[in-house]
Amino acid sequence: MSLTTQDQHELQLNPSAIPSPRFKFRHTFTLPLGHSVARAQLLEGEKLLLVIVDRAGNLNIYLDRLEAMDGAITRGRGKSLNREKIGQESLFAYDESKKMLAVVSLDKLLLHVFVFDDARGFQALRSAIDLHPWYGDESVSICLACFVSGSEELILVDSHAQARVFSFVTLQFRPATLQLEKVPYSVCSTPDGACLLIVQANGNDLAVMAYHWNTFGSTEGIQLDLAPLTVENGPAVTSLINRTAVHVVVLDLEAHACRSYALDITRKVTEFMFEEKGARGCSARHRAGGNSTVHNCLIDCHVEVWTRFPVLSAVQRETISSPTHRSARTIVFVADRDYQRYAPHFADMIITFERSTKKPTGNILKSIQVSAVSFTVFAAKLCGGGERSNLTRNRAWNISAYRAGEWIVEFLCLIPIHLALAKDNRFVPLKDGVYSPDLERSLLGADVNRIVDNLSFGWYESLFQSYMASKPVKVVSSMGEQPVGKSFTLNHLVDTSFAGSAMWTTEGVWMSVTPTKDALIVALDFEAGVHSIERSTQEDTLLVLFNTAISNLVLFCNNFALSQDITGLFQSFQSSSTVLDPNANPSLFQSTLVIIIKDIVDSDLIEIAKEFSLKLRRIVQDEQEANFISRLHAGKLNIIPWPVTESKEFYKPFPALKRQLDKQVVTHRSAGEFLHLMKTLMAKLKANDWAAMSQTMVSHRAQLISALLANALAFGYAEIDPEREPLKNLDTDMPVDLPDTPHQLFIGGGDDQSVSRERILTVLRRAWEGHTSRQYTAEDEWIAGLTQHLKTIVNLRVAHVREWLDQNLSRFQEVGGGGSYASLDELKRHFESSIVDLRGNVQLCGMTCADCQLRCVKSRVHEGTHDCQPVHLCMHVCDFCLELEPKEHRPCTMSAGHAGKHICVANQHLCGKVCTFSGRHRCQDICTKVINHIDEGHLCAAPVHACGKPCDLSNVQLVDRSMYSCPGTCRMPSDIDHALHQCNAQFCSIRCQLCKRLCANQDHMHGLNSDAIHLCGQEHLCTAICAAPGICEIETAPHSIETTFTGRNETFQYTKYSQVAKRLNCVKLIPPNATKHKGPHNHSQDKKVAHFCEAKCQNCGYFCTLPFGHPQQEHETCHGSMSLTHWMVDALDDIPLEIEGRKFSANDEGALMMCNLVCSSMGRHVHIDYCHANDEAACTGNEELQHLTRRIQPNPDRAKDMLTHSLFWKRSGFKDPYSREEQTNFGKCDAMCGGPEHTATGGGAANPSYCVLPLFHAPLNPNTVTAPAGVGYISNDGHQFACRNPGVVSRDRDVQTGSS
């Protein structure tokens, strides 16, 4: 369980506060078959002490992080205790503060004591302690055991209900004993070491007694007044935040809840506890006056708010657009007495606050109208007692009126949201402010685009994406040491409400937004972002990288009096400057760095600012063009010595900071653009993708547009289900304002494309107003009108979608400086190709209908017979009947579109006999000559009696070796001799050999030519791969969905990313009527676009980012995880090496660490490489390497050398990614002085003293060589140190001790 920051704050102020813990993570582990748990104890820092009994009865003791416990059990990396030596029955006790484990053997009466070491695990403190002198009598046995918290003492309770305290120092029991009525159910010590808690069972009920350790055995116990407890829900004791906040925790099985009771333990030492007095305090017992008002929390809480948050900030939020509707601030207290005392008390409180804090408030606080009334008056005046008209007339207080949206934004912008964490050497973006293990598992193996799609920022998502999407954005962030008031500074600058003082330190990065008239001010509050012992160098670097990349103004707060190591302070900044290349990311790294030096008195302002400036200047000189100020902040730096907190001058620099923010160039032109940029940056940091930001953003936008393009072209909408979503500018959320047709168009897809195409075309045709006038209009004119109608519909849709594309892609073309992006070019080509298909799908066939003389109105590529779609009978009245009375008019019975006159019954008005050419193609069968005509032969009205034989365009072999035959029949007159049978198709009916469209050749029979080429007459995309030397595009991709790190110390899953060298498709277009383009294949026609070098880092596998054939002697890259390396740990007893919270042993994979950060984490170190010499003698005399004579993994039979950091990177061929200061440090010897003054004491950090000589120096002789200028000493093993000789110090101490 974890506590919220509010709970943590409450517990710091009041240890008796009852928090509401939440389950944040879930961890599981698996036991081998036949094994059981003997003890499980949760420890601080998400760790677990676990004692397991195997099948043979042996004990295995593990202490590890919860997430690593399953791997520890699988590998058996615990402390093993043999059952024959430890005994058959045992009791266990563990003290967390001392890391001490006691194992009491009940049958052997031996006490084993172990101490846990992070490197070695559990180690025996001493030999087993024999308990026979005290418990040798068979009539007594040990029943319970527990530690006296924070001491080396163990309490043992025997079968006679006697409790005794055994000391590991004196190896004796305390004189005092505690005689209990009966053997208790359980015993435990409070974490603060103040009390012993005895749990007694009475049947199924439990009672808890407390005994002070200081009066152990001499006083009666105190029974705790707790809710009824039973054996099924026995209590446990823990502490929260600090060991004095003691809680009894009970698992309520019926209510499915975990309940706790805070214990208020008093003892003499608590009389000296510091408690704050004065204006901020609410405790009456610490106030001087006897007439002080008490329990005014509802009033006095205003002081806490005014103190922690701004009253009058430098940047004012302006969300409400109608200020005239905002009434004056009014506070009405509903009470039952002393109404006249509220306003004076409130006024005094304001005066006291302004005098004590010296915070600028303007007239805001004094203008608050304070009053108190009874509930009856309140209800009558505010709520009204009669009709609604009386309500308005009698209302005493004016109520502010806001637009609902503005009020919601004003409210939500007061709530910060958690953006990301840095844990386990990874940058972890959060979804809607919550860490979700399920989401993390679902993103295993996800690429950057998928990660972007899964990120959202809670209530701020709609603010950026819709409500204020078009507003420009400025980002101001705050980083610094712990704690220097980063959140307080940010709050008072931009009117945010980060509760940094309540959280003590901010976890990860939090975001809040301050809407102003001209822009949205996005505030990012980072946890103790640099030089923190709570986070690794890699985690620091990732947070700093995110901060400097996205911000416009970076506030770096530090306390110069506490930290004068300027170089170390900015090490994370320097490390992050080598990860993302600012030149390749012009939209990032546009901030000004403002260094705020806190708590500086007036007399020191100039000197401290000068000293700070000189040290930064030295960093710039040492690092040259690689310095972080130039790379991350474009050389823009400002140093502000800040006055002492709560001094008169403390709040004066804030207006200057506001002016600095106002001067910053707007790099995020709209909130929508900023949202896309920030999500992409966070996803890239998570995926270790160091490619150009613009390339990734273009890829994501192109992928999103491609996914929506089908709907856009078919329907004119981005989404159809569950409801229609219009085409919008994705950066401003504004719809594309162009007319469009409401009709659906066919663009392909689906199971039965032909049926769908013809169905949609039918709907479009019927939507034409001239649809029903076909047989009353000349056929050619009607077909031309329909064709124009279809073209107009398509043109409207194409214009609408093209404008949508332009609005969503134009900014990327601006960022690219006119250059091209492969994904963007591919999207545009796909769009243009889709337009051709869209137009082709509404192109009419135009062939003669199979059942009448009208033309087919199906699509040109339809299947089946030709069809004119309406009825195939003529709709006109018989021409001969027109001479009769109207009632005798009869309809024409000829086929639609027939030649000649309209006839109802042929044999009534004309000859009507069988046509001489009956049976021939298109013959109308009935003679239409006059009755009893004298000329020979009967002839129908058909203009041509076609041959009707199959078209000779048959058995044509295509380029794919398939055969094609035209389904048409010969349309040549049957009475004319002809050698070639040809149907009436005007165009070639064979499909284009480069696409699926029909050939555009107007000679239907040209396919009979042996050299015939079938092309559609359009431009085509070249499908060949780029042939230019080098790598077209470097893509960071997930190596596998789930990669399992299996080391000798822990096992866990993570996403393994690697870089892929991509060969892109050629972007050159094949001209119309050609099968290939001129010139070589290339993925870009922009001459500025270069191909990348093909060299790859031998450690992480990341490619060189310089152009192919670059003139630089060394390759350069932004390194990734060291997936190609293995650890070699040179240590006795195979002790693992712990770096950044992870343990590594020899031959473990190095994938968790990054090439450009791991060396900083290790400090002085060596690298191992295979020996390049033929014999060992060739390795001697080289100051940068040392030959290894022992066999080590991997490949133990192959000789290896130890290399300096410098030689290692020279051999790699890649530029050393570390700062010059680090490179110099890495080249020195890693031997450390063993003096006790260099070790960590009292909770402070260690201050090691290293040898000042080169790494592989020859040993110095301490008898012949002395330290230069008498500073330092030469050790017996030949190292030179710049500190005092610990041996001399020890002798001095011995002399002093001896003389006393």
# chains A, B, ... in the order shown; residues from 1 in each chain; ligands from 1

call {"tool": "residues_around", "arguments": {"residues": "Gly1181 (chain A)", "least_positions_apart": "5", "cutoff": "12 Å", "atoms": "only C-alpha atoms", "output": "PDB file with N, CA and C atoms, in the first residue's frame"}}
result
ATOM      1  N   GLU A1176      51.135 -12.412 -24.661  1.00  0.00           N
ATOM      2  CA  GLU A1176      50.949 -11.566 -23.501  1.00  0.00           C
ATOM      3  C   GLU A1176      52.000 -10.471 -23.412  1.00  0.00           C
ATOM      4  N   GLN A1186      45.714  -3.536 -19.498  1.00  0.00           N
ATOM      5  CA  GLN A1186      46.404  -4.481 -18.635  1.00  0.00           C
ATOM      6  C   GLN A1186      45.886  -5.870 -18.960  1.00  0.00           C
ATOM      7  N   HIS A1187      46.824  -6.778 -19.270  1.00  0.00           N
ATOM      8  CA  HIS A1187      46.432  -8.119 -19.681  1.00  0.00           C
ATOM      9  C   HIS A1187      45.903  -8.918 -18.497  1.00  0.00           C
ATOM     10  N   PHE A1256      46.256   2.427 -14.646  1.00  0.00           N
ATOM     11  CA  PHE A1256      47.169   1.280 -14.632  1.00  0.00           C
ATOM     12  C   PHE A1256      48.590   1.721 -14.279  1.00  0.00           C
ATOM     13  N   HIS A1257      48.727   2.506 -13.213  1.00  0.00           N
ATOM     14  CA  HIS A1257      50.053   3.003 -12.825  1.00  0.00           C
ATOM     15  C   HIS A1257      50.861   1.890 -12.165  1.00  0.00           C
ATOM     16  N   ALA A1258      52.160   2.047 -12.215  1.00  0.00           N
ATOM     17  CA  ALA A1258      53.042   1.116 -11.508  1.00  0.00           C
ATOM     18  C   ALA A1258      52.996   1.434 -10.018  1.00  0.00           C
TER      19      ALA A1258
END

call {"tool": "select_by_dssp", "arguments": {"residues": "region 112-209 of chain A", "states": "helix (DSSP H, G or I)", "output": "list in words"}}
result
His132, Pro133, Trp134 and Tyr135 of chain A

call {"tool": "residues_around", "arguments": {"residues": "Lys1228 (chain A)", "least_positions_apart": "4", "cutoff": "6 Å", "atoms": "only C-alpha atoms", "output": "PyMOL selection string"}}
result
chain A and resi 1253-1255

call {"tool": "closest_residue", "arguments": {"among": "A:Leu588, A:Leu42, A:Ile299, A:Arg308", "to": "Thr238 (chain A)", "atoms": "only C-alpha atoms"}}
result
A:Leu42

call {"tool": "closest_residue", "arguments": {"among": "A:Glu607, A:Asp689, A:Glu410, A:Glu153", "to": "Phe427 (chain A)", "atoms": "only C-alpha atoms"}}
result
A:Asp689

call {"tool": "residues_around", "arguments": {"residues": "region 848-853 of chain A", "least_positions_apart": "6", "cutoff": "8 Å", "atoms": "only C-alpha atoms", "output": "tab-separated table (two decimals) with all heavy atoms, in the first residue's frame"}}
result
chain	number	residue	atom	x	y	z
A	865	THR	N	-23.11	-8.59	-67.41
A	865	THR	CA	-23.64	-8.01	-68.64
A	865	THR	C	-23.80	-6.50	-68.51
A	865	THR	O	-23.88	-5.97	-67.41
A	865	THR	CB	-25.02	-8.62	-68.97
A	865	THR	OG1	-25.90	-8.37	-67.88
A	865	THR	CG2	-24.89	-10.13	-69.19
A	866	HIS	N	-23.85	-5.84	-69.66
A	866	HIS	CA	-24.07	-4.40	-69.67
A	866	HIS	C	-25.54	-4.10	-69.38
A	866	HIS	O	-26.44	-4.81	-69.83
A	866	HIS	CB	-23.69	-3.82	-71.04
A	866	HIS	CG	-22.24	-4.03	-71.39
A	866	HIS	ND1	-21.22	-3.43	-70.72
A	866	HIS	CD2	-21.65	-4.83	-72.35
A	866	HIS	CE1	-20.07	-3.80	-71.23
A	866	HIS	NE2	-20.31	-4.67	-72.22
A	867	ASP	N	-25.76	-3.05	-68.61
A	867	ASP	CA	-27.12	-2.76	-68.16
A	867	ASP	C	-27.32	-1.25	-68.09
A	867	ASP	O	-26.51	-0.53	-67.51
A	867	ASP	CB	-27.36	-3.38	-66.79
A	867	ASP	CG	-28.83	-3.36	-66.39
A	867	ASP	OD1	-29.63	-2.75	-67.12
A	867	ASP	OD2	-29.15	-3.94	-65.33
A	868	CYS	N	-28.43	-0.78	-68.71
A	868	CYS	CA	-28.73	0.64	-68.67
A	868	CYS	C	-29.46	1.04	-67.40
A	868	CYS	O	-29.73	2.21	-67.18
A	868	CYS	CB	-29.55	1.05	-69.90
A	868	CYS	SG	-31.20	0.27	-69.92
A	872	HIS	N	-36.15	-1.62	-69.78
A	872	HIS	CA	-35.53	-1.72	-71.10
A	872	HIS	C	-36.54	-1.51	-72.23
A	872	HIS	O	-36.18	-1.59	-73.40
A	872	HIS	CB	-34.87	-3.10	-71.26
A	872	HIS	CG	-33.82	-3.38	-70.23
A	872	HIS	ND1	-32.61	-2.75	-70.22
A	872	HIS	CD2	-33.82	-4.21	-69.15
A	872	HIS	CE1	-31.88	-3.18	-69.20
A	872	HIS	NE2	-32.62	-4.07	-68.52
A	873	LEU	N	-37.81	-1.22	-71.93
A	873	LEU	CA	-38.82	-0.94	-72.94
A	873	LEU	C	-38.91	0.56	-73.21
A	873	LEU	O	-38.70	1.37	-72.31
A	873	LEU	CB	-40.19	-1.46	-72.51
A	873	LEU	CG	-40.34	-2.98	-72.42
A	873	LEU	CD1	-41.73	-3.34	-71.88
A	873	LEU	CD2	-40.16	-3.62	-73.80
A	895	SER	N	-37.77	-1.95	-77.86
A	895	SER	CA	-36.78	-1.80	-76.79
A	895	SER	C	-36.36	-0.34	-76.67
A	895	SER	O	-36.43	0.43	-77.66
A	895	SER	CB	-35.56	-2.67	-77.05
A	895	SER	OG	-34.94	-2.32	-78.27
A	896	ALA	N	-35.95	0.04	-75.49
A	896	ALA	CA	-35.56	1.43	-75.24
A	896	ALA	C	-34.38	1.82	-76.12
A	896	ALA	O	-33.45	1.03	-76.35
A	896	ALA	CB	-35.18	1.63	-73.77
A	897	GLY	N	-34.46	3.04	-76.66
A	897	GLY	CA	-33.38	3.56	-77.48
A	897	GLY	C	-33.37	3.02	-78.90
A	897	GLY	O	-32.37	3.18	-79.61
A	898	HIS	N	-34.48	2.41	-79.33
A	898	HIS	CA	-34.52	1.79	-80.66
A	898	HIS	C	-34.47	2.86	-81.74
A	898	HIS	O	-34.82	4.03	-81.52
A	898	HIS	CB	-35.78	0.94	-80.79
A	898	HIS	CG	-37.04	1.76	-80.75
A	898	HIS	ND1	-37.61	2.35	-81.86
A	898	HIS	CD2	-37.83	2.12	-79.69
A	898	HIS	CE1	-38.71	3.02	-81.51
A	898	HIS	NE2	-38.86	2.89	-80.19

call {"tool": "residues_around", "arguments": {"residues": "Gln369 (chain A)", "least_positions_apart": "3", "cutoff": "7 Å", "atoms": "only C-alpha atoms", "output": "number ranges by chain"}}
result
A: 329-331

call {"tool": "write_last_selection", "arguments": {"atoms": "N, CA and C atoms", "output": "compact mmCIF listing (two decimals), in the first residue's frame"}}
result
# COMPACT_ATOMS: atom_id res chain seq x y z
N ARG A 329 -15.59 39.00 -3.50
CA ARG A 329 -15.42 37.81 -2.67
C ARG A 329 -16.11 38.03 -1.32
N THR A 330 -16.90 37.06 -0.95
CA THR A 330 -17.67 37.16 0.29
C THR A 330 -17.59 35.84 1.04
N ILE A 331 -17.37 35.93 2.35
CA ILE A 331 -17.41 34.74 3.21
C ILE A 331 -18.49 34.96 4.26

call {"tool": "residues_around", "arguments": {"residues": "Met1122 (chain A)", "least_positions_apart": "2", "cutoff": "7 Å", "atoms": "only C-alpha atoms", "output": "ChimeraX atom specification"}}
result
/A:1099-1100,1120,1124-1125,1150-1155

call {"tool": "residues_around", "arguments": {"residues": "region 57-67 of chain A", "least_positions_apart": "5", "cutoff": "8 Å", "atoms": "only C-alpha atoms", "output": "number ranges by chain"}}
result
A: 27-28, 45-52, 72-73, 77-83, 88, 121, 1052

call {"tool": "write_last_selection", "arguments": {"atoms": "N, CA and C atoms", "output": "JSON list (two decimals), in the first residue's frame"}}
result
[["chain", "number", "residue", "atom", "x", "y", "z"],
["A", 27, "HIS", "N", 1.98, -7.53, -6.79],
["A", 27, "HIS", "CA", 3.13, -8.37, -7.06],
["A", 27, "HIS", "C", 2.81, -9.81, -6.70],
["A", 28, "THR", "N", 3.31, -10.74, -7.45],
["A", 28, "THR", "CA", 3.09, -12.16, -7.20],
["A", 28, "THR", "C", 4.41, -12.90, -7.26],
["A", 45, "GLY", "N", 10.32, 0.43, 1.53],
["A", 45, "GLY", "CA", 10.92, 0.44, 0.21],
["A", 45, "GLY", "C", 10.43, -0.67, -0.69],
["A", 46, "GLU", "N", 9.18, -1.16, -0.45],
["A", 46, "GLU", "CA", 8.57, -2.21, -1.27],
["A", 46, "GLU", "C", 9.43, -3.47, -1.29],
["A", 47, "LYS", "N", 9.91, -3.84, -0.10],
["A", 47, "LYS", "CA", 10.70, -5.06, 0.03],
["A", 47, "LYS", "C", 9.95, -6.07, 0.89],
["A", 48, "LEU", "N", 10.42, -7.31, 0.83],
["A", 48, "LEU", "CA", 9.76, -8.39, 1.54],
["A", 48, "LEU", "C", 10.80, -9.33, 2.14],
["A", 49, "LEU", "N", 10.61, -9.66, 3.43],
["A", 49, "LEU", "CA", 11.38, -10.72, 4.07],
["A", 49, "LEU", "C", 10.53, -11.98, 3.98],
["A", 50, "LEU", "N", 11.09, -13.03, 3.38],
["A", 50, "LEU", "CA", 10.33, -14.25, 3.14],
["A", 50, "LEU", "C", 11.15, -15.45, 3.58],
["A", 51, "VAL", "N", 10.56, -16.26, 4.46],
["A", 51, "VAL", "CA", 11.20, -17.49, 4.92],
["A", 51, "VAL", "C", 10.39, -18.66, 4.38],
["A", 52, "ILE", "N", 11.05, -19.53, 3.62],
["A", 52, "ILE", "CA", 10.37, -20.65, 2.96],
["A", 52, "ILE", "C", 10.96, -21.96, 3.48],
["A", 72, "ALA", "N", 14.14, -14.16, -7.49],
["A", 72, "ALA", "CA", 15.06, -14.61, -6.44],
["A", 72, "ALA", "C", 14.75, -16.03, -6.01],
["A", 73, "ILE", "N", 13.46, -16.35, -5.90],
["A", 73, "ILE", "CA", 13.06, -17.71, -5.52],
["A", 73, "ILE", "C", 13.44, -18.70, -6.62],
["A", 77, "ARG", "N", 18.48, -17.57, -4.75],
["A", 77, "ARG", "CA", 19.52, -16.65, -4.29],
["A", 77, "ARG", "C", 19.25, -16.16, -2.87],
["A", 78, "GLY", "N", 18.79, -17.05, -2.00],
["A", 78, "GLY", "CA", 18.55, -16.68, -0.62],
["A", 78, "GLY", "C", 19.55, -17.33, 0.31],
["A", 79, "LYS", "N", 19.34, -17.11, 1.58],
["A", 79, "LYS", "CA", 20.19, -17.72, 2.61],
["A", 79, "LYS", "C", 19.60, -19.08, 2.96],
["A", 80, "SER", "N", 20.40, -20.14, 2.82],
["A", 80, "SER", "CA", 19.93, -21.49, 3.10],
["A", 80, "SER", "C", 20.40, -21.93, 4.48],
["A", 81, "LEU", "N", 19.47, -22.50, 5.25],
["A", 81, "LEU", "CA", 19.78, -23.03, 6.58],
["A", 81, "LEU", "C", 19.36, -24.50, 6.62],
["A", 82, "ASN", "N", 20.31, -25.36, 6.87],
["A", 82, "ASN", "CA", 20.05, -26.78, 6.87],
["A", 82, "ASN", "C", 19.24, -27.18, 8.10],
["A", 83, "ARG", "N", 18.20, -27.99, 7.89],
["A", 83, "ARG", "CA", 17.32, -28.37, 8.98],
["A", 83, "ARG", "C", 18.06, -29.16, 10.05],
["A", 88, "GLN", "N", 14.41, -28.76, 14.16],
["A", 88, "GLN", "CA", 13.14, -29.09, 13.53],
["A", 88, "GLN", "C", 12.11, -27.97, 13.66],
["A", 121, "GLY", "N", 24.00, -10.28, 1.30],
["A", 121, "GLY", "CA", 22.83, -10.96, 1.82],
["A", 121, "GLY", "C", 22.95, -11.15, 3.32],
["A", 1052, "PHE", "N", 13.06, -10.14, -14.52],
["A", 1052, "PHE", "CA", 11.89, -9.31, -14.72],
["A", 1052, "PHE", "C", 11.71, -9.10, -16.22]]

call {"tool": "atom_distance", "arguments": {"atom1": "CA of Leu708 (chain A)", "atom2": "CA of Ser436 (chain A)"}}
result
28.9 Å

call {"tool": "atom_distance", "arguments": {"atom1": "CA of Cys892 (chain A)", "atom2": "CA of Cys878 (chain A)"}}
result
4.8 Å

call {"tool": "closest_residue", "arguments": {"among": "A:Val1129, A:Leu444, A:Met682, A:Leu796", "to": "Ser1145 (chain A)", "atoms": "only C-alpha atoms"}}
result
A:Val1129

call {"tool": "closest_residue", "arguments": {"among": "A:Leu412, A:Leu154, A:Ala161, A:Leu854", "to": "Cys188 (chain A)", "atoms": "only C-alpha atoms"}}
result
A:Leu154
